[in-house]
There are 2 protein chains.
Amino acid sequence: MRAKKTSPADLTVLERLRTAGLRPTRQRLALAKLLFAQGHRHVTAEGLFNEAKDNRVDVSLATVYNALHDFTEKSLLREISIDSSRSYFDTNVGDHYHFYFEQTGKLQDIPAERIALANLPEAPGGATVARVDVIIRVRD
Amino acid sequence: MRAKKTSPADLTVLERLRTAGLRPTRQRLALAKLLFAQGHRHVTAEGLFNEAKDNRVDVSLATVYNALHDFTEKSLLREISIDSSRSYFDTNVGDHYHFYFEQTGKLQDIPAERIALANLPEAPGGATVARVDVIIRVRD
DNA sequence: CAAGCAGTTTAGAATCGCTCTAATTTTATT
DNA sequence: AATAAAATTAGAGCGATTCTAAACTGCTTG
Ligand SMILES: [Mn+2]
Ligand SMILES: [Mn+2]
Ligand SMILES: [Zn+2]
Ligand SMILES: [Zn+2]
């Protein structure tokens, strides 16, 4: 694989990886750019893999999975289980919820302030709440 | 496979199937009995399949999947996606939410009244809300 | 109750998202 | 440049689920 000079536009993404403690390899940089260059996104591994291909980013499927998981581990992404058949990865790691369009498989953010989640019960038996997921499944 | 007389205890389950418009076959009756005889349950296909084996219910894995899906279609069960690696089926089809214990993979019901879900945003673009899932993921 | 048919079950193959393996390549450090 | 650690990769492997197509069963009808 040909290495390519780092352009100024990559700098922010590069720093983001370094800050997270991830080596800024060509593959991670390219994927991070696809993921983070625009606004928040919800991607599947396959979707990102195809997008990489479309953008002539030469990267293996295994690396896409590795990167998605590495990014998730470092809180650059968050993984969402909506449909038991595939995982989604969300570039919005802040507190928020989702609409899920069953026909298209698309996700749409709902800001945390838009839902009042009151009286959340205590986690039983001294357990710790890791996350609260709210998914509003919609159909046309 | 030997057929077995329908016992009085099966009657309620039998009616339940008939009412749902499902033929009360030996396999469906046996599985429905496992599912609905006790209180509410959260099962996986594999779990139910093993439970059937333990109870000397001779049924194939494909039939377990068929029954779970048929029951879900008729609203005798509801399917829950928690973990992208497997589906759970819930005998509680009423409005309620869940604790999910990440270590053990167990689910625990949270009655709808225990969570105040206010200000639910409208479904965008004239879509209809099919369901609202709330999953509180907990760790010890 | 026999026949007939739609609905159901089944074993095993197939599928599919994802993970693993082990060899190669790259990165970061000296 | 040499080295060690980390990352990438092709392809095999895995596990949950679905599919196929043949055998069986429940229900209706005569
Ligand atoms: Mn994962
Ligand atoms: Mn399903
Ligand atoms: Zn999101
Ligand atoms: Zn439940």
# chains A, B, ... in the order shown; residues from 1 in each chain; ligands from 1
$ residues_around --residues "region 11-19 of chain D" --least-positions-apart "6" --cutoff "9 Å" --atoms "only C-alpha atoms (C1' of nucleotides)" --output "ChimeraX atom specification"
/B:62,65,85-87 /C:13-16,18-21
$ residues_near_ligand --ligand "ligand 1" --cutoff "10 Å" --atoms "only C-alpha atoms (C1' of nucleotides) and all ligand atoms" --output "count of residues only"
20
$ residues_near_ligand --ligand "ligand 3" --cutoff "12 Å" --atoms "only C-alpha atoms (C1' of nucleotides) and all ligand atoms" --output "ChimeraX atom specification"
/A:39-43,77-82,88-100,106-112,133-135
$ closest_atom_pairs --of "chain C" --to "chain B" --cutoff "8 Å" --atoms "only C-alpha atoms (C1' of nucleotides)" --output "tab-separated table"
residue	atom	partner	partner_atom	distance
C:DT8	C1'	B:Thr25	CA	8.0
C:DT9	C1'	B:Thr63	CA	6.6
C:DT10	C1'	B:Ser60	CA	6.6
$ select_by_dssp --residues "chain A" --states "helix (DSSP H, G or I)" --output "PyMOL selection string"
chain A and resi 8-20+26-36+45-54+61-73+112-114+124-126
$ atom_distance --atom1 "CA of Glu51 (chain A)" --atom2 "CA of Ala123 (chain B)"
28.6 Å
$ decode --residues "region 46-138 of chain A" --atoms "C-alpha atoms" --output "tab-separated table (two decimals), in the first residue's frame"
chain	number	residue	atom	x	y	z
A	46	GLU	CA	-20.34	-2.94	5.88
A	47	GLY	CA	-21.54	0.57	5.11
A	48	LEU	CA	-18.25	2.10	6.11
A	49	PHE	CA	-16.33	-0.54	4.21
A	50	ASN	CA	-18.24	0.26	1.03
A	51	GLU	CA	-17.83	3.95	1.58
A	52	ALA	CA	-14.10	3.41	1.89
A	53	LYS	CA	-14.07	1.53	-1.38
A	54	ASP	CA	-16.03	4.29	-3.09
A	55	ASN	CA	-13.45	6.76	-1.90
A	56	ARG	CA	-10.57	4.61	-3.07
A	57	VAL	CA	-9.46	3.98	0.49
A	58	ASP	CA	-7.82	0.61	0.31
A	59	VAL	CA	-8.58	-1.11	3.56
A	60	SER	CA	-9.66	-4.61	4.50
A	61	LEU	CA	-12.95	-5.49	6.12
A	62	ALA	CA	-11.09	-6.84	9.14
A	63	THR	CA	-9.45	-3.46	9.58
A	64	VAL	CA	-12.79	-1.71	9.40
A	65	TYR	CA	-14.00	-3.91	12.23
A	66	ASN	CA	-10.78	-3.41	14.15
A	67	ALA	CA	-10.97	0.36	13.75
A	68	LEU	CA	-14.64	0.55	14.73
A	69	HIS	CA	-13.95	-1.43	17.86
A	70	ASP	CA	-10.75	0.44	18.70
A	71	PHE	CA	-12.55	3.76	18.24
A	72	THR	CA	-15.42	2.54	20.39
A	73	GLU	CA	-13.03	1.44	23.11
A	74	LYS	CA	-11.51	4.90	23.14
A	75	SER	CA	-14.93	6.53	23.19
A	76	LEU	CA	-14.60	8.05	19.76
A	77	LEU	CA	-17.64	6.01	18.80
A	78	ARG	CA	-20.42	4.23	20.54
A	79	GLU	CA	-21.92	0.93	19.49
A	80	ILE	CA	-25.68	0.54	19.20
A	81	SER	CA	-27.67	-2.71	19.11
A	82	ILE	CA	-30.94	-2.12	17.38
A	83	ASP	CA	-31.43	-5.07	15.24
A	84	SER	CA	-30.02	-8.38	16.18
A	85	SER	CA	-28.58	-8.81	12.72
A	86	ARG	CA	-25.98	-6.05	12.74
A	87	SER	CA	-24.27	-3.42	14.86
A	88	TYR	CA	-24.40	0.31	14.30
A	89	PHE	CA	-21.66	2.71	15.31
A	90	ASP	CA	-22.51	6.25	16.28
A	91	THR	CA	-20.12	9.18	16.01
A	92	ASN	CA	-22.25	11.01	18.55
A	93	VAL	CA	-20.95	9.77	21.88
A	94	GLY	CA	-22.88	12.30	23.95
A	95	ASP	CA	-26.06	11.56	25.82
A	96	HIS	CA	-28.88	11.12	23.33
A	97	TYR	CA	-31.53	8.73	22.05
A	98	HIS	CA	-32.72	7.40	18.73
A	99	PHE	CA	-35.46	7.05	16.25
A	100	TYR	CA	-35.10	3.86	14.27
A	101	PHE	CA	-36.83	3.62	10.90
A	102	GLU	CA	-37.63	-0.03	10.52
A	103	GLN	CA	-38.07	0.04	6.77
A	104	THR	CA	-34.84	1.76	5.87
A	105	GLY	CA	-32.67	0.75	8.81
A	106	LYS	CA	-31.72	4.40	9.39
A	107	LEU	CA	-31.14	5.99	12.77
A	108	GLN	CA	-31.87	9.58	13.76
A	109	ASP	CA	-30.67	11.29	16.90
A	110	ILE	CA	-32.98	12.60	19.58
A	111	PRO	CA	-31.21	15.08	21.86
A	112	ALA	CA	-31.25	14.02	25.50
A	113	GLU	CA	-33.22	17.14	26.45
A	114	ARG	CA	-36.07	16.11	24.23
A	115	ILE	CA	-37.00	13.22	26.49
A	116	ALA	CA	-37.63	13.46	30.18
A	117	LEU	CA	-36.52	10.20	31.70
A	118	ALA	CA	-37.64	10.57	35.26
A	119	ASN	CA	-37.77	8.17	38.20
A	120	LEU	CA	-35.15	5.92	36.72
A	121	PRO	CA	-35.16	2.93	39.03
A	122	GLU	CA	-32.04	2.02	40.91
A	123	ALA	CA	-29.93	-0.67	39.37
A	124	PRO	CA	-30.75	-3.81	41.36
A	125	GLY	CA	-28.26	-5.48	43.64
A	126	GLY	CA	-25.65	-2.77	43.75
A	127	ALA	CA	-25.10	-2.85	40.03
A	128	THR	CA	-23.96	0.23	38.14
A	129	VAL	CA	-25.83	1.76	35.25
A	130	ALA	CA	-23.56	1.62	32.25
A	131	ARG	CA	-25.91	3.28	29.82
A	132	VAL	CA	-29.57	3.97	29.15
A	133	ASP	CA	-30.72	3.32	25.63
A	134	VAL	CA	-33.98	4.66	24.32
A	135	ILE	CA	-35.03	3.57	20.87
A	136	ILE	CA	-38.23	4.76	19.30
A	137	ARG	CA	-39.05	2.37	16.50
A	138	VAL	CA	-41.08	3.97	13.77
